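Novice: Enclosed is the structure file entry-v8.cif (mmCIF, C-alpha atoms and all ligand atoms).
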```cif
data_data
loop_
_atom_site.label_atom_id
_atom_site.label_comp_id
_atom_site.auth_asym_id
_atom_site.auth_seq_id
_atom_site.Cartn_x
_atom_site.Cartn_y
_atom_site.Cartn_z
CA MET S 1 144.71 -80.88 -82.69
CA ILE S 2 141.75 -81.25 -85.05
CA ILE S 3 141.07 -84.69 -86.51
CA ASP S 4 138.53 -85.47 -89.22
CA SER S 5 137.82 -89.09 -88.36
CA HIS S 6 135.79 -89.97 -91.45
CA VAL S 7 136.86 -89.14 -95.01
CA HIS S 8 136.93 -91.08 -98.27
CA LEU S 9 139.39 -91.37 -101.11
CA TRP S 10 138.53 -93.06 -104.39
CA LEU S 11 138.64 -92.92 -108.13
CA ARG S 12 135.57 -93.49 -110.27
CA ASP S 13 136.74 -97.02 -111.11
CA HIS S 14 136.99 -98.00 -107.44
CA LEU S 15 133.22 -97.67 -107.03
CA PRO S 16 130.46 -99.90 -108.43
CA ASN S 17 128.03 -98.09 -110.75
CA ASN S 18 125.14 -98.30 -108.31
CA MET S 19 127.12 -96.63 -105.54
CA VAL S 20 128.09 -93.81 -107.85
CA ARG S 21 124.40 -93.38 -108.66
CA ALA S 22 123.54 -93.30 -104.96
CA TYR S 23 126.26 -90.79 -104.18
CA LEU S 24 125.05 -88.62 -107.03
CA GLU S 25 121.49 -88.51 -105.72
CA PRO S 26 121.93 -85.17 -103.93
CA LEU S 27 123.16 -83.83 -107.27
CA GLN S 28 120.18 -85.27 -109.12
CA MET S 29 117.94 -83.21 -106.86
CA LEU S 30 119.78 -80.05 -107.88
CA LYS S 31 119.50 -80.96 -111.53
CA ASP S 32 116.62 -78.62 -112.36
CA VAL S 33 117.80 -75.80 -110.16
CA MET S 34 121.32 -75.84 -111.48
CA ASP S 35 120.37 -76.75 -115.02
CA TRP S 36 122.97 -79.46 -115.44
CA GLU S 37 122.86 -82.97 -116.75
CA VAL S 38 123.78 -85.59 -114.19
CA ASP S 39 125.49 -88.42 -115.98
CA ILE S 40 127.41 -90.88 -113.86
CA ASP S 41 130.22 -91.33 -116.31
CA LYS S 42 130.58 -87.68 -117.14
CA VAL S 43 130.00 -86.05 -113.77
CA TRP S 44 131.70 -88.44 -111.39
CA PRO S 45 135.26 -88.33 -112.71
CA GLU S 46 135.38 -84.73 -111.54
CA TYR S 47 134.64 -85.99 -108.08
CA GLY S 48 137.31 -88.62 -108.01
CA VAL S 49 138.89 -87.91 -104.64
CA THR S 50 142.65 -88.03 -104.62
CA VAL S 51 145.02 -87.25 -101.78
CA SER S 52 145.71 -83.79 -103.19
CA LYS S 53 141.99 -82.93 -103.02
CA LEU S 54 141.86 -84.20 -99.47
CA LEU S 55 144.92 -82.14 -98.53
CA GLU S 56 143.22 -79.05 -99.96
CA MET S 57 140.17 -79.71 -97.81
CA LEU S 58 142.34 -80.19 -94.71
CA ALA S 59 144.22 -76.96 -95.39
CA ALA S 60 140.95 -75.05 -95.79
CA GLY S 61 139.62 -76.31 -92.43
CA PRO S 62 142.19 -76.14 -91.12
CA VAL S 63 142.24 -79.77 -90.00
CA ASP S 64 145.44 -81.44 -88.75
CA MET S 65 144.73 -85.08 -89.57
CA ALA S 66 142.18 -87.24 -91.34
CA VAL S 67 141.26 -90.91 -91.21
CA ALA S 68 140.70 -92.23 -94.75
CA LEU S 69 138.20 -95.06 -95.11
CA PRO S 70 138.01 -97.23 -98.23
CA ILE S 71 134.84 -99.33 -98.54
CA ASP S 72 134.53 -102.79 -100.03
CA PHE S 73 131.20 -102.90 -101.91
CA ASN S 74 132.49 -105.46 -104.36
CA LEU S 75 130.60 -108.51 -103.10
CA VAL S 76 127.36 -106.65 -103.81
CA GLU S 77 128.44 -105.21 -107.12
CA GLN S 78 131.88 -105.44 -108.66
CA ALA S 79 133.70 -102.18 -109.36
CA ARG S 80 135.99 -101.93 -112.38
CA ILE S 81 139.00 -102.11 -110.06
CA GLY S 82 139.12 -104.79 -107.36
CA VAL S 83 139.30 -104.21 -103.63
CA GLU S 84 142.95 -105.21 -103.09
CA GLU S 85 144.07 -102.79 -105.73
CA TYR S 86 141.82 -100.07 -104.30
CA ASN S 87 143.36 -100.51 -100.86
CA SER S 88 146.88 -100.52 -102.31
CA TRP S 89 146.12 -97.24 -104.11
CA ILE S 90 144.93 -95.69 -100.84
CA PHE S 91 147.93 -96.82 -98.80
CA GLU S 92 150.44 -95.93 -101.50
CA SER S 93 148.99 -92.46 -102.04
CA CYS S 94 148.78 -91.72 -98.31
CA ALA S 95 152.27 -93.04 -97.53
CA PRO S 96 154.03 -89.68 -98.14
CA TYR S 97 151.78 -87.99 -95.55
CA PRO S 98 152.01 -90.09 -92.38
CA ASP S 99 151.43 -87.05 -90.16
CA LYS S 100 148.35 -85.94 -92.10
CA ILE S 101 146.40 -88.99 -93.26
CA ILE S 102 145.73 -92.27 -91.49
CA PRO S 103 144.43 -94.81 -94.00
CA PHE S 104 142.30 -97.73 -92.84
CA ILE S 105 141.81 -101.03 -94.63
CA GLY S 106 138.46 -101.47 -96.38
CA VAL S 107 137.46 -105.12 -96.63
CA ASP S 108 134.27 -107.13 -96.39
CA PRO S 109 134.67 -109.79 -93.66
CA GLN S 110 132.41 -112.09 -95.70
CA ARG S 111 135.49 -112.76 -97.83
CA GLY S 112 136.68 -115.14 -95.11
CA GLU S 113 140.31 -116.23 -95.42
CA SER S 114 141.17 -113.64 -98.08
CA ALA S 115 139.90 -110.87 -95.79
CA LEU S 116 142.26 -112.10 -93.07
CA LYS S 117 145.12 -112.07 -95.56
CA MET S 118 144.32 -108.47 -96.47
CA LEU S 119 144.37 -107.47 -92.80
CA ASP S 120 147.76 -109.15 -92.40
CA ARG S 121 149.21 -107.72 -95.59
CA PHE S 122 148.22 -104.09 -95.08
CA THR S 123 149.15 -104.17 -91.42
CA SER S 124 152.62 -105.61 -91.99
CA ARG S 125 153.42 -103.61 -95.12
CA TYR S 126 151.89 -100.24 -94.21
CA ASN S 127 151.35 -100.45 -90.48
CA ALA S 128 147.58 -99.98 -90.96
CA ARG S 129 145.80 -98.86 -87.81
CA GLY S 130 142.25 -99.86 -88.52
CA VAL S 131 139.59 -101.32 -90.74
CA LYS S 132 136.39 -99.84 -92.17
CA LEU S 133 133.40 -102.22 -92.15
CA TYR S 134 130.09 -101.92 -93.94
CA PRO S 135 127.54 -104.47 -92.63
CA SER S 136 124.90 -103.31 -95.14
CA THR S 137 126.67 -105.42 -97.78
CA GLY S 138 124.86 -108.35 -96.16
CA TRP S 139 125.97 -109.43 -92.69
CA TYR S 140 125.02 -108.91 -89.08
CA PRO S 141 127.97 -107.89 -86.91
CA ASN S 142 127.09 -110.49 -84.29
CA GLU S 143 127.10 -113.46 -86.68
CA GLU S 144 129.22 -116.41 -85.63
CA ARG S 145 130.87 -116.62 -89.08
CA MET S 146 132.56 -113.24 -88.42
CA ARG S 147 134.38 -114.58 -85.37
CA SER S 148 137.75 -115.32 -86.99
CA PHE S 149 137.76 -111.86 -88.58
CA TYR S 150 137.34 -110.15 -85.19
CA GLU S 151 139.98 -112.44 -83.67
CA ARG S 152 142.46 -111.23 -86.26
CA VAL S 153 141.45 -107.56 -85.87
CA ASP S 154 141.94 -107.95 -82.14
CA ASP S 155 145.32 -109.72 -82.54
CA LEU S 156 146.56 -106.99 -84.89
CA GLY S 157 145.35 -104.23 -82.56
CA LEU S 158 143.22 -102.60 -85.26
CA THR S 159 140.43 -100.09 -84.65
CA ILE S 160 137.08 -100.75 -86.33
CA VAL S 161 135.04 -97.96 -87.91
CA THR S 162 131.66 -99.32 -88.91
CA HIS S 163 129.01 -97.78 -91.08
CA ALA S 164 125.69 -97.43 -89.26
CA GLY S 165 122.34 -95.97 -90.23
CA ALA S 166 120.91 -95.41 -93.69
CA ALA S 167 121.88 -97.58 -96.65
CA TRP S 168 120.97 -97.24 -100.30
CA THR S 169 120.49 -99.20 -103.51
CA SER S 170 121.35 -102.88 -103.14
CA LEU S 171 122.79 -102.30 -99.66
CA GLU S 172 120.49 -103.33 -96.85
CA GLU S 173 119.76 -101.06 -93.95
CA LYS S 174 118.60 -103.82 -91.58
CA PHE S 175 122.22 -104.90 -91.05
CA SER S 176 123.42 -101.48 -89.96
CA GLU S 177 121.73 -101.10 -86.59
CA PRO S 178 124.38 -100.36 -83.96
CA ARG S 179 122.89 -102.80 -81.43
CA TYR S 180 124.33 -105.81 -83.30
CA TRP S 181 127.80 -104.72 -82.15
CA ALA S 182 127.08 -105.31 -78.46
CA GLU S 183 128.44 -108.88 -78.36
CA VAL S 184 131.57 -107.89 -80.29
CA LEU S 185 132.22 -104.95 -77.94
CA ASP S 186 131.76 -107.28 -75.01
CA ARG S 187 133.98 -110.08 -76.33
CA TYR S 188 136.87 -107.85 -77.48
CA PRO S 189 137.29 -105.15 -74.83
CA ASP S 190 140.69 -104.16 -76.27
CA THR S 191 139.31 -103.47 -79.75
CA ASN S 192 137.90 -99.97 -80.18
CA ILE S 193 134.80 -99.76 -82.34
CA VAL S 194 133.63 -96.44 -83.79
CA ILE S 195 129.99 -96.26 -84.87
CA ALA S 196 129.80 -93.89 -87.82
CA HIS S 197 127.19 -91.16 -88.25
CA LEU S 198 126.16 -91.48 -84.57
CA GLY S 199 124.21 -94.54 -85.73
CA GLY S 200 121.96 -92.42 -87.98
CA LYS S 201 118.31 -92.95 -87.14
CA TRP S 202 119.38 -95.45 -84.49
CA ARG S 203 121.35 -92.92 -82.49
CA SER S 204 119.76 -93.96 -79.21
CA GLN S 205 121.40 -97.38 -79.71
CA ALA S 206 124.75 -95.73 -80.39
CA PHE S 207 124.45 -93.60 -77.23
CA GLU S 208 123.57 -96.67 -75.19
CA LEU S 209 126.52 -98.69 -76.48
CA CYS S 210 128.92 -95.78 -75.93
CA GLN S 211 127.68 -95.41 -72.37
CA LYS S 212 127.90 -99.10 -71.61
CA TYR S 213 131.16 -100.17 -73.31
CA PRO S 214 134.47 -98.37 -72.67
CA ASN S 215 135.68 -99.52 -76.14
CA CYS S 216 132.68 -98.09 -78.01
CA TYR S 217 132.91 -94.71 -79.76
CA ALA S 218 131.03 -92.81 -82.46
CA ASP S 219 131.62 -90.17 -85.10
CA CYS S 220 129.31 -87.32 -86.03
CA SER S 221 130.00 -87.32 -89.76
CA ALA S 222 127.02 -86.63 -92.06
CA LEU S 223 125.32 -84.59 -89.36
CA GLN S 224 126.05 -81.55 -91.52
CA GLY S 225 123.45 -82.95 -93.94
CA TRP S 226 120.95 -81.09 -91.73
CA LEU S 227 122.65 -77.75 -91.99
CA PRO S 228 121.22 -76.28 -95.20
CA SER S 229 117.59 -76.95 -94.24
CA ASP S 230 117.47 -77.49 -90.48
CA PRO S 231 120.57 -76.38 -88.54
CA ASP S 232 118.70 -76.65 -85.24
CA THR S 233 118.61 -80.43 -85.57
CA ALA S 234 122.39 -80.58 -86.02
CA LEU S 235 122.76 -78.30 -83.03
CA SER S 236 120.50 -80.39 -80.84
CA ARG S 237 122.45 -83.56 -81.80
CA LEU S 238 125.69 -81.84 -80.76
CA ARG S 239 124.09 -80.79 -77.48
CA GLU S 240 122.98 -84.37 -76.90
CA ILE S 241 126.58 -85.53 -77.42
CA ALA S 242 127.88 -82.95 -74.94
CA GLU S 243 125.33 -83.97 -72.38
CA LYS S 244 125.47 -87.77 -72.71
CA ILE S 245 128.79 -88.95 -74.16
CA PRO S 246 131.26 -86.04 -74.41
CA ASP S 247 134.26 -88.40 -74.23
CA LYS S 248 133.09 -90.74 -76.96
CA VAL S 249 132.26 -88.87 -80.15
CA SER S 250 134.68 -87.53 -82.73
CA PHE S 251 134.33 -85.00 -85.49
CA GLY S 252 133.95 -86.24 -89.06
CA THR S 253 132.88 -84.93 -92.44
CA ASP S 254 132.29 -87.96 -94.70
CA PHE S 255 134.25 -85.94 -97.26
CA PRO S 256 133.55 -85.65 -100.22
CA LEU S 257 129.86 -86.55 -99.96
CA PHE S 258 128.59 -83.22 -98.65
CA GLU S 259 130.99 -80.86 -100.41
CA LEU S 260 128.37 -79.64 -102.86
CA SER S 261 125.71 -78.88 -100.29
CA TYR S 262 127.86 -77.76 -97.37
CA VAL S 263 131.64 -77.66 -97.60
CA SER S 264 133.65 -79.34 -94.86
CA SER S 265 135.28 -76.14 -93.60
CA MET S 266 131.81 -74.67 -92.99
CA TRP S 267 130.83 -77.74 -90.97
CA LEU S 268 134.01 -77.34 -88.94
CA ASP S 269 133.24 -73.65 -88.35
CA PHE S 270 129.72 -74.53 -87.27
CA VAL S 271 131.04 -77.00 -84.67
CA LYS S 272 133.66 -74.53 -83.46
CA GLN S 273 131.40 -71.49 -83.24
CA GLN S 274 127.93 -72.63 -82.27
CA PRO S 275 127.05 -72.59 -78.57
CA TRP S 276 126.51 -76.34 -78.05
CA ALA S 277 129.23 -76.97 -75.43
CA ASP S 278 132.14 -75.39 -73.56
CA GLU S 279 135.56 -75.15 -75.24
CA ALA S 280 136.96 -78.21 -73.43
CA THR S 281 134.10 -80.39 -74.66
CA LYS S 282 134.45 -79.05 -78.18
CA ALA S 283 138.16 -79.91 -78.13
CA LYS S 284 137.31 -83.49 -77.22
CA LEU S 285 134.97 -83.86 -80.17
CA LEU S 286 137.31 -82.08 -82.54
CA GLY S 287 140.35 -84.25 -81.86
CA GLU S 288 141.08 -85.50 -78.38
CA ASN S 289 138.62 -88.37 -78.44
CA MET S 290 139.85 -89.75 -81.75
CA ARG S 291 143.46 -89.32 -80.66
CA ARG S 292 142.67 -91.59 -77.74
CA VAL S 293 140.90 -94.14 -79.94
CA LEU S 294 143.89 -94.37 -82.27
CA GLY S 295 146.49 -94.18 -79.51
CA LEU S 296 148.22 -91.19 -81.10
ZN ZN S 301 131.41 -92.47 -95.08
#
```
Would you mind giving the structure from this file in structure tokens?

Specialist:
Amino acid sequence: MIIDSHVHLWLRDHLPNNMVRAYLEPLQMLKDVMDWEVDIDKVWPEYGVTVSKLLEMLAAGPVDMAVALPIDFNLVEQARIGVEEYNSWIFESCAPYPDKIIPFIGVDPQRGESALKMLDRFTSRYNARGVKLYPSTGWYPNEERMRSFYERVDDLGLTIVTHAGAAWTSLEEKFSEPRYWAEVLDRYPDTNIVIAHLGGKWRSQAFELCQKYPNCYADCSALQGWLPSDPDTALSRLREIAEKIPDKVSFGTDFPLFELSYVSSMWLDFVKQQPWADEATKAKLLGENMRRVLGL
């Protein structure tokens, strides 16, 4: 079974303007080459990512299942549509495809009591399995004020996927170093925490945490960003995974963010075909590890 453990679904109005600008940056760079005008209000609506677009991507893979991750940027900059409504849209649109898409909750724990209510609501109504967190909105994962949030996540049996590595615009990178998760991993051994993007430039921290804590995992989404210019780097990262933490990392695409530079099915083919590990190890990355994380 192949699982894409990191995809996004959203409409233009679910994202603050600055995030749309950031996501369009790769397009801006192509502006002269492709001779097109990059306008956030004109271009982005075409990239609104609905379930049907995601299903197309999965069919092209082919990929069996995907984990859909909404993100709550709204405390940094308000989107036109609020975060509760965004989450409801995700869960409602994924509901007809329980065997294909696993939606997570996207909420900023800095919301305090209302964040806890969202965890409760989406877990009881939709049987949510996890929550996507984005520390770069302004919090360190090991802050004491986050304690009640983790307690609730732990009580509800949710999996955490956290952004790690680079952050843009008004989001701050200093919060997204994986090492700040150590205390949380230690205090909640029953809560699985997945560090996205292998921790980005802090991948040595992600490797260390995965080696030390049985409940720590990672995904390799965004690694395909290397493929157009420097495929050897992507290959050496995969080899590092196979060598150091073959049971901990799961495949991911960060769909739709790389579709224009390197479509998801090509990234999947690269992982399947390149000689970075034996078939058994590849199968772990491609699905088995995430299946274990989610208890499927
Ligand atoms: Zn992502």

Novice: Report as an NGL selection string which protein, DNA and RNA residues come within 9 Å of ligand ZN 301 (chain S), using all atoms listed in the file.

Specialist: :S and (6-8 or 69-71 or 163 or 196-197 or 221-222 or 253-257)

Novice: Mind checking which residues fall within 9 Å of stretch 148-153 of chain S, counting all atoms listed in the file, ignoring those fewer than 3 positions away in the same chain, and posting them as a PyMOL selection string?

Specialist: chain S and resi 109-110+112-113+115-116+119-120+130-131+144-145+156-160+184+188+191

Novice: If I take atom CA of S:Arg129 and atom CA of S:Pro16, how far is one from the other in Å, to one decimal?

Specialist: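 Value for the atom CA of S:Arg129-atom CA of S:Pro16 distance: 25.7 Å.
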
Novice: How far is it from atom CA of S:Glu172 to atom CA of S:Asp219, in Å with one decimal?

Specialist: 20.9 Å

Novice: For S:Asp247, please output as a ChimeraX atom specification all residues within 10 Å (counting all atoms listed in the file; exclusion window: fewer than 6 positions along the same chain).

Specialist: /S:210-211,217-218,241,281,284-285,288-290,292

Novice: To one decimal place, how far is atom CA of S:Glu56 from atom CA of S:Val263 in Å?

Specialist: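 Separation between atom CA of S:Glu56 and atom CA of S:Val263: 11.9 Å.
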
Novice: Nearest to S:Glu240: which of S:Cys220, S:Met266, S:Arg147, S:Ser136 is it, counting all atoms listed in the file?

Specialist: S:Cys220

Novice: Using only C-alpha atoms, find the one residue out of S:Arg291, S:Arg111, S:His14, S:Lys117 that sits nearest to S:Ile90.

Specialist: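 The answer is S:His14, which sits nearest to S:Ile90.
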
Novice: For S:Gln78, work out the shell of residues within 12 Å, counting all atoms listed in the file and skipping chain neighbours fewer than 6 positions away, then give it as a PyMOL selection string.

Specialist: chain S and resi 13-19+72

Novice: Using only C-alpha atoms, find the one residue out of S:Ser5, S:Ser114, S:Gln224, S:Ser261 that sits nearest to S:Val293.

Specialist: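 Among the listed residues, S:Ser5 lies closest to S:Val293.
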
Novice: My list of candidates is S:Leu235, S:Ile2, S:Leu223, S:Ala164. Which is closest to S:Trp276 when distances are computed with all atoms listed in the file?

Specialist: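 Among the listed residues, the smallest separation from S:Trp276 belongs to S:Leu235.
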
Novice: If I put a ball of radius 10 Å at (134.6, -101.4, -74.7) in the file's coordinates, which residues poke into it when counting all atoms listed in the file, written as a VMD selection string?

Specialist: chain S and resid 182 184 to 193 209 to 217

Novice: Let me make sure I understand: among S:Leu54, S:Leu11, S:Leu198, S:Ala68, which one has the smallest atom-to-atom distance to S:Ile102 if we use all atoms listed in the file?

Specialist: S:Ala68

Novice: Of the candidates S:Tyr180, S:Tyr126, S:Tyr23, S:Phe258, which one gets nearest to S:Asn142 if we count all atoms listed in the file?

Specialist: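 Between S:Tyr180, S:Tyr126, S:Tyr23, S:Phe258, the residue approaching S:Asn142 most closely is S:Tyr180.
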
Novice: Leaving out S:Leu58 and any residue of its chain fewer than 5 positions from it, which residues lie within 10 Å of it when counting only C-alpha atoms, given as a ChimeraX atom specification?

Specialist: /S:2-4,52-53,63-66,100-101,264-265
